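Engineer: You'll find data-v4.cif just under this line, and it carries mmCIF, C-alpha atoms.
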```
data_final
#
loop_
_atom_site.group_PDB
_atom_site.id
_atom_site.type_symbol
_atom_site.label_atom_id
_atom_site.label_comp_id
_atom_site.auth_asym_id
_atom_site.auth_seq_id
_atom_site.Cartn_x
_atom_site.Cartn_y
_atom_site.Cartn_z
ATOM 1 C CA VAL M 1231 8.732 5.641 -6.660
ATOM 2 C CA GLN M 1232 11.201 5.529 -3.807
ATOM 3 C CA LEU M 1233 12.334 2.776 -1.476
ATOM 4 C CA GLN M 1234 14.265 3.362 1.724
ATOM 5 C CA ALA M 1235 15.980 0.419 3.389
ATOM 6 C CA SER M 1236 17.067 0.480 7.011
ATOM 7 C CA GLY M 1237 17.780 -1.731 9.994
ATOM 8 C CA GLY M 1238 21.202 -3.108 9.203
ATOM 9 C CA GLY M 1239 23.991 -3.282 11.725
ATOM 10 C CA LEU M 1240 26.591 -5.410 13.454
ATOM 11 C CA VAL M 1241 25.408 -8.543 15.209
ATOM 12 C CA GLN M 1242 27.048 -11.661 16.593
ATOM 13 C CA ALA M 1243 26.476 -15.031 15.011
ATOM 14 C CA GLY M 1244 23.203 -16.470 16.208
ATOM 15 C CA GLY M 1245 21.664 -13.056 16.630
ATOM 16 C CA SER M 1246 18.768 -11.368 14.861
ATOM 17 C CA LEU M 1247 18.078 -8.242 12.868
ATOM 18 C CA ARG M 1248 14.950 -6.834 11.254
ATOM 19 C CA LEU M 1249 15.332 -4.891 8.050
ATOM 20 C CA SER M 1250 12.701 -2.450 6.852
ATOM 21 C CA CYS M 1251 11.984 -1.148 3.367
ATOM 22 C CA ALA M 1252 9.699 1.878 3.318
ATOM 23 C CA ALA M 1253 8.037 2.804 0.024
ATOM 24 C CA SER M 1254 6.664 6.119 -1.145
ATOM 25 C CA GLY M 1255 5.138 7.419 -4.342
ATOM 26 C CA LEU M 1256 3.269 4.249 -5.239
ATOM 27 C CA THR M 1257 0.217 2.165 -4.414
ATOM 28 C CA PHE M 1258 2.242 -0.315 -2.458
ATOM 29 C CA SER M 1259 -0.301 -3.117 -2.446
ATOM 30 C CA THR M 1260 0.037 -3.476 -6.211
ATOM 31 C CA TYR M 1261 3.772 -4.160 -5.946
ATOM 32 C CA ALA M 1262 5.735 -7.238 -5.088
ATOM 33 C CA ALA M 1263 8.810 -6.538 -3.002
ATOM 34 C CA GLY M 1264 12.017 -8.429 -2.561
ATOM 35 C CA TRP M 1265 15.273 -8.400 -0.664
ATOM 36 C CA PHE M 1266 18.618 -8.979 -2.301
ATOM 37 C CA ARG M 1267 22.135 -8.976 -0.930
ATOM 38 C CA GLN M 1268 25.640 -8.504 -2.207
ATOM 39 C CA ALA M 1269 28.734 -9.554 -0.327
ATOM 40 C CA PRO M 1270 32.185 -8.146 -1.146
ATOM 41 C CA GLY M 1271 33.549 -9.714 -4.310
ATOM 42 C CA LYS M 1272 30.335 -11.597 -5.011
ATOM 43 C CA GLU M 1273 27.365 -11.081 -7.270
ATOM 44 C CA ARG M 1274 24.061 -9.817 -5.974
ATOM 45 C CA GLU M 1275 21.790 -12.649 -4.931
ATOM 46 C CA PHE M 1276 18.114 -13.045 -4.222
ATOM 47 C CA VAL M 1277 17.116 -13.503 -0.579
ATOM 48 C CA ALA M 1278 13.329 -13.326 -0.226
ATOM 49 C CA ALA M 1279 10.232 -11.857 -1.838
ATOM 50 C CA ILE M 1280 6.583 -11.247 -1.109
ATOM 51 C CA GLY M 1281 3.988 -10.965 -3.830
ATOM 52 C CA TRP M 1282 1.547 -8.147 -4.521
ATOM 53 C CA ASN M 1283 -1.875 -8.259 -2.886
ATOM 54 C CA GLY M 1284 -3.386 -10.189 -5.771
ATOM 55 C CA ASP M 1285 -0.848 -12.943 -5.154
ATOM 56 C CA GLY M 1286 -2.475 -13.724 -1.821
ATOM 57 C CA GLY M 1287 0.501 -12.708 0.252
ATOM 58 C CA SER M 1288 2.720 -15.471 -1.077
ATOM 59 C CA THR M 1289 6.366 -15.551 -0.107
ATOM 60 C CA TYR M 1290 9.425 -17.124 -1.645
ATOM 61 C CA TYR M 1291 12.877 -17.650 -0.196
ATOM 62 C CA ALA M 1292 16.331 -18.538 -1.334
ATOM 63 C CA ASP M 1293 17.527 -21.812 0.119
ATOM 64 C CA SER M 1294 20.006 -19.914 2.277
ATOM 65 C CA ALA M 1295 17.155 -17.985 3.889
ATOM 66 C CA LYS M 1296 14.594 -20.726 4.411
ATOM 67 C CA GLY M 1297 13.837 -21.429 8.047
ATOM 68 C CA ARG M 1298 15.823 -18.421 9.276
ATOM 69 C CA PHE M 1299 14.406 -15.371 7.506
ATOM 70 C CA THR M 1300 10.813 -14.183 7.274
ATOM 71 C CA ILE M 1301 9.558 -11.557 4.866
ATOM 72 C CA SER M 1302 6.340 -9.687 5.598
ATOM 73 C CA ARG M 1303 4.578 -6.525 4.569
ATOM 74 C CA ASP M 1304 2.354 -3.864 6.083
ATOM 75 C CA ASN M 1305 0.536 -2.139 3.246
ATOM 76 C CA ALA M 1306 -0.944 0.461 5.597
ATOM 77 C CA LYS M 1307 2.621 1.554 6.378
ATOM 78 C CA ASN M 1308 3.932 0.954 2.845
ATOM 79 C CA THR M 1309 6.682 -1.141 4.370
ATOM 80 C CA VAL M 1310 8.229 -4.549 3.814
ATOM 81 C CA TYR M 1311 10.206 -6.266 6.542
ATOM 82 C CA LEU M 1312 12.858 -8.946 6.600
ATOM 83 C CA GLN M 1313 13.207 -10.635 9.962
ATOM 84 C CA MET M 1314 16.555 -12.413 10.066
ATOM 85 C CA ASN M 1315 17.219 -14.937 12.809
ATOM 86 C CA SER M 1316 20.078 -17.316 13.505
ATOM 87 C CA LEU M 1317 22.438 -15.119 11.553
ATOM 88 C CA ILE M 1318 25.745 -16.546 10.416
ATOM 89 C CA PRO M 1319 28.886 -14.776 9.153
ATOM 90 C CA GLU M 1320 27.992 -15.809 5.595
ATOM 91 C CA ASP M 1321 24.972 -13.503 5.829
ATOM 92 C CA THR M 1322 27.290 -10.499 5.902
ATOM 93 C CA ALA M 1323 26.409 -8.311 2.924
ATOM 94 C CA VAL M 1324 24.743 -5.136 1.790
ATOM 95 C CA TYR M 1325 21.013 -5.802 1.704
ATOM 96 C CA SER M 1326 18.805 -3.923 -0.751
ATOM 97 C CA CYS M 1327 15.097 -3.964 -1.448
ATOM 98 C CA ALA M 1328 13.376 -3.781 -4.804
ATOM 99 C CA ALA M 1329 9.807 -3.555 -6.050
ATOM 100 C CA LYS M 1330 7.984 -4.554 -9.194
ATOM 101 C CA LYS M 1331 4.334 -4.128 -9.997
ATOM 102 C CA TRP M 1332 1.915 -7.057 -10.104
ATOM 103 C CA ARG M 1333 4.540 -9.731 -9.613
ATOM 104 C CA THR M 1334 4.239 -12.978 -7.706
ATOM 105 C CA ALA M 1335 6.795 -13.735 -5.034
ATOM 106 C CA ARG M 1336 8.412 -16.609 -6.940
ATOM 107 C CA THR M 1337 8.961 -14.620 -10.116
ATOM 108 C CA MET M 1338 10.746 -11.845 -8.223
ATOM 109 C CA ALA M 1339 13.753 -14.152 -7.974
ATOM 110 C CA THR M 1340 14.192 -14.141 -11.736
ATOM 111 C CA VAL M 1341 13.663 -10.472 -12.594
ATOM 112 C CA ALA M 1342 16.748 -8.830 -14.046
ATOM 113 C CA PRO M 1343 18.061 -6.062 -11.790
ATOM 114 C CA ALA M 1344 17.436 -3.380 -14.397
ATOM 115 C CA ASP M 1345 13.803 -4.452 -14.779
ATOM 116 C CA PHE M 1346 12.666 -3.630 -11.256
ATOM 117 C CA ASP M 1347 10.461 -0.539 -10.927
ATOM 118 C CA SER M 1348 12.496 0.715 -8.011
ATOM 119 C CA TRP M 1349 15.523 -0.098 -5.901
ATOM 120 C CA GLY M 1350 16.258 1.120 -2.417
ATOM 121 C CA GLN M 1351 19.732 1.981 -1.233
ATOM 122 C CA GLY M 1352 21.481 -0.801 0.618
ATOM 123 C CA THR M 1353 21.848 -1.336 4.324
ATOM 124 C CA GLN M 1354 24.928 -3.091 5.671
ATOM 125 C CA VAL M 1355 24.546 -6.262 7.692
ATOM 126 C CA THR M 1356 27.669 -7.581 9.382
ATOM 127 C CA VAL M 1357 27.650 -10.818 11.332
ATOM 128 C CA SER M 1358 30.657 -11.508 13.500
ATOM 129 C CA SER M 1359 31.763 -14.990 14.459
#
```
Could you express the structure from this file as structure tokens?

Structural biologist:
Amino acid sequence: VQLQASGGGLVQAGGSLRLSCAASGLTFSTYAAGWFRQAPGKEREFVAAIGWNGDGGSTYYADSAKGRFTISRDNAKNTVYLQMNSLIPEDTAVYSCAAKKWRTARTMATVAPADFDSWGQGTQVTVSS
């Protein structure tokens, strides 16, 4: 099971980025996927998640992401996306994706990092003021 995150970069405050997390080696529709971020000197934090197919496509967001970020998935492409709009400097962090089988979106926020089935490498997002 492998996840590959991409799409990070440098953007001005107010701008947008779309992150992608491509999965391989698994039946993607049976996995929930989530995005997490870690800023320098801070702990990793949950950003957004989307449930497995049996969860009806539910999504769940951290308060900091609500109204600005949208998570979606394309099972045919084995890919999860994070559309980030209205970016602010506080969004600067390394963003990583993770997957866990048969999970709902809401419960992805409480899974211990070591309990995910797979983690992708991070992609840097830098928002300048």

Engineer: Expanded to explicit residues, what is the PyMOL selection byres ((chain M and resi 1302) around 8) for this file, as an MDAnalysis selection string?

Structural biologist: chainID M and resid 1280 1300:1301 1303:1304 1310:1312

Engineer: Just write the chosen residues, C-alpha atoms, as an mmCIF file, in the frame of the given file.

Structural biologist:
```
data_model
loop_
_atom_site.group_PDB
_atom_site.id
_atom_site.type_symbol
_atom_site.label_atom_id
_atom_site.label_comp_id
_atom_site.auth_asym_id
_atom_site.auth_seq_id
_atom_site.Cartn_x
_atom_site.Cartn_y
_atom_site.Cartn_z
ATOM 1 C CA ILE M 1280 6.583 -11.247 -1.109
ATOM 2 C CA THR M 1300 10.813 -14.183 7.274
ATOM 3 C CA ILE M 1301 9.558 -11.557 4.866
ATOM 4 C CA ARG M 1303 4.578 -6.525 4.569
ATOM 5 C CA ASP M 1304 2.354 -3.864 6.083
ATOM 6 C CA VAL M 1310 8.229 -4.549 3.814
ATOM 7 C CA TYR M 1311 10.206 -6.266 6.542
ATOM 8 C CA LEU M 1312 12.858 -8.946 6.600
#
```

Engineer: Run through the PyMOL selection byres ((chain M and resi 1240) around 8) on the given coordinates and return the selected residues as an MDAnalysis selection string.

Structural biologist: chainID M and resid 1238:1239 1241:1242 1355:1358

Engineer: Box in all listed atoms of region 1341-1345 of chain M, axis-aligned, with 3 Å more on each side; write out centre and edge lengths in Å to one decimal as lines of an AutoDock Vina configuration file.

Structural biologist:
```
center_x = 15.9
center_y = -6.9
center_z = -13.3
size_x = 10.4
size_y = 13.1
size_z = 9.0
```

Engineer: Between M:Ala1278, M:Ala1335, M:Trp1349, M:Cys1327, which one has atoms that come closest to Asp1293 (chain M), using all atoms listed in the file?

Structural biologist: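 Closest to Asp1293 (chain M) of all the choices is M:Ala1278.
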
Engineer: Leaving out region 1261-1264 of chain M and any residue of its chain fewer than 4 positions from it, which residues lie within 10 Å of it when counting all atoms listed in the file, given as a compact mmCIF listing (two decimals) with C-alpha atoms, keeping the file's coordinate frame?

Structural biologist:
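Okay, part-v5.txt is ready:
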```
# COMPACT_ATOMS: atom_id res chain seq x y z
CA CYS M 1251 11.98 -1.15 3.37
CA ALA M 1253 8.04 2.80 0.02
CA LEU M 1256 3.27 4.25 -5.24
CA THR M 1257 0.22 2.16 -4.41
CA PHE M 1276 18.11 -13.04 -4.22
CA VAL M 1277 17.12 -13.50 -0.58
CA ALA M 1278 13.33 -13.33 -0.23
CA ALA M 1279 10.23 -11.86 -1.84
CA ILE M 1280 6.58 -11.25 -1.11
CA GLY M 1281 3.99 -10.96 -3.83
CA TRP M 1282 1.55 -8.15 -4.52
CA ASN M 1283 -1.88 -8.26 -2.89
CA GLY M 1284 -3.39 -10.19 -5.77
CA ASP M 1285 -0.85 -12.94 -5.15
CA GLY M 1287 0.50 -12.71 0.25
CA SER M 1288 2.72 -15.47 -1.08
CA THR M 1289 6.37 -15.55 -0.11
CA TYR M 1290 9.43 -17.12 -1.64
CA TYR M 1291 12.88 -17.65 -0.20
CA ILE M 1301 9.56 -11.56 4.87
CA SER M 1302 6.34 -9.69 5.60
CA ARG M 1303 4.58 -6.52 4.57
CA ASN M 1305 0.54 -2.14 3.25
CA THR M 1309 6.68 -1.14 4.37
CA VAL M 1310 8.23 -4.55 3.81
CA TYR M 1311 10.21 -6.27 6.54
CA LEU M 1312 12.86 -8.95 6.60
CA SER M 1326 18.80 -3.92 -0.75
CA CYS M 1327 15.10 -3.96 -1.45
CA ALA M 1328 13.38 -3.78 -4.80
CA ALA M 1329 9.81 -3.56 -6.05
CA LYS M 1330 7.98 -4.55 -9.19
CA LYS M 1331 4.33 -4.13 -10.00
CA TRP M 1332 1.92 -7.06 -10.10
CA ARG M 1333 4.54 -9.73 -9.61
CA THR M 1334 4.24 -12.98 -7.71
CA ALA M 1335 6.80 -13.74 -5.03
CA ARG M 1336 8.41 -16.61 -6.94
CA THR M 1337 8.96 -14.62 -10.12
CA MET M 1338 10.75 -11.84 -8.22
CA ALA M 1339 13.75 -14.15 -7.97
CA PHE M 1346 12.67 -3.63 -11.26
CA ASP M 1347 10.46 -0.54 -10.93
CA SER M 1348 12.50 0.72 -8.01
CA TRP M 1349 15.52 -0.10 -5.90
```

Engineer: CA of Lys1296 (chain M) and CA of Gln1313 (chain M) are how many Å apart?

Structural biologist: 11.6 Å

Engineer: Under the PyMOL selection byres ((chain M and resi 1270-1273) around 10), which residues of this model are included? Write them out as a PyMOL selection string.

Structural biologist: chain M and resi 1267-1269+1274-1276+1322-1324

Engineer: Generate a file of the selected residues that holds C-alpha atoms, formatted as an mmCIF file, in the coordinates of the input.

Structural biologist:
```cif
data_model
loop_
_atom_site.group_PDB
_atom_site.id
_atom_site.type_symbol
_atom_site.label_atom_id
_atom_site.label_comp_id
_atom_site.auth_asym_id
_atom_site.auth_seq_id
_atom_site.Cartn_x
_atom_site.Cartn_y
_atom_site.Cartn_z
ATOM 1 C CA ARG M 1267 22.135 -8.976 -0.930
ATOM 2 C CA GLN M 1268 25.640 -8.504 -2.207
ATOM 3 C CA ALA M 1269 28.734 -9.554 -0.327
ATOM 4 C CA ARG M 1274 24.061 -9.817 -5.974
ATOM 5 C CA GLU M 1275 21.790 -12.649 -4.931
ATOM 6 C CA PHE M 1276 18.114 -13.045 -4.222
ATOM 7 C CA THR M 1322 27.290 -10.499 5.902
ATOM 8 C CA ALA M 1323 26.409 -8.311 2.924
ATOM 9 C CA VAL M 1324 24.743 -5.136 1.790
#
```

Engineer: How far is it from CA of Ser1294 (chain M) to CA of Trp1265 (chain M), in Å with one decimal?

Structural biologist: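 The value is 12.8 Å.
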
Engineer: Which residues come within 10 Å of Gly1297 (chain M), counting all atoms listed in the file, excluding same-chain residues fewer than 5 positions away, as JSON, numbers by chain?

Structural biologist: {"M": [1291, 1314, 1315, 1316]}

Engineer: Enter the distance from CA of Ala1295 (chain M) to CA of Lys1307 (chain M), in Å, rounded to one decimal.

Structural biologist: 24.5 Å

Engineer: I'd like to know which of M:Ala1292, M:Gly1286, M:Phe1266, M:Glu1320 is closest to Pro1343 (chain M), using only C-alpha atoms.

Structural biologist: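 Ranked by minimum distance to Pro1343 (chain M), first place goes to M:Phe1266.
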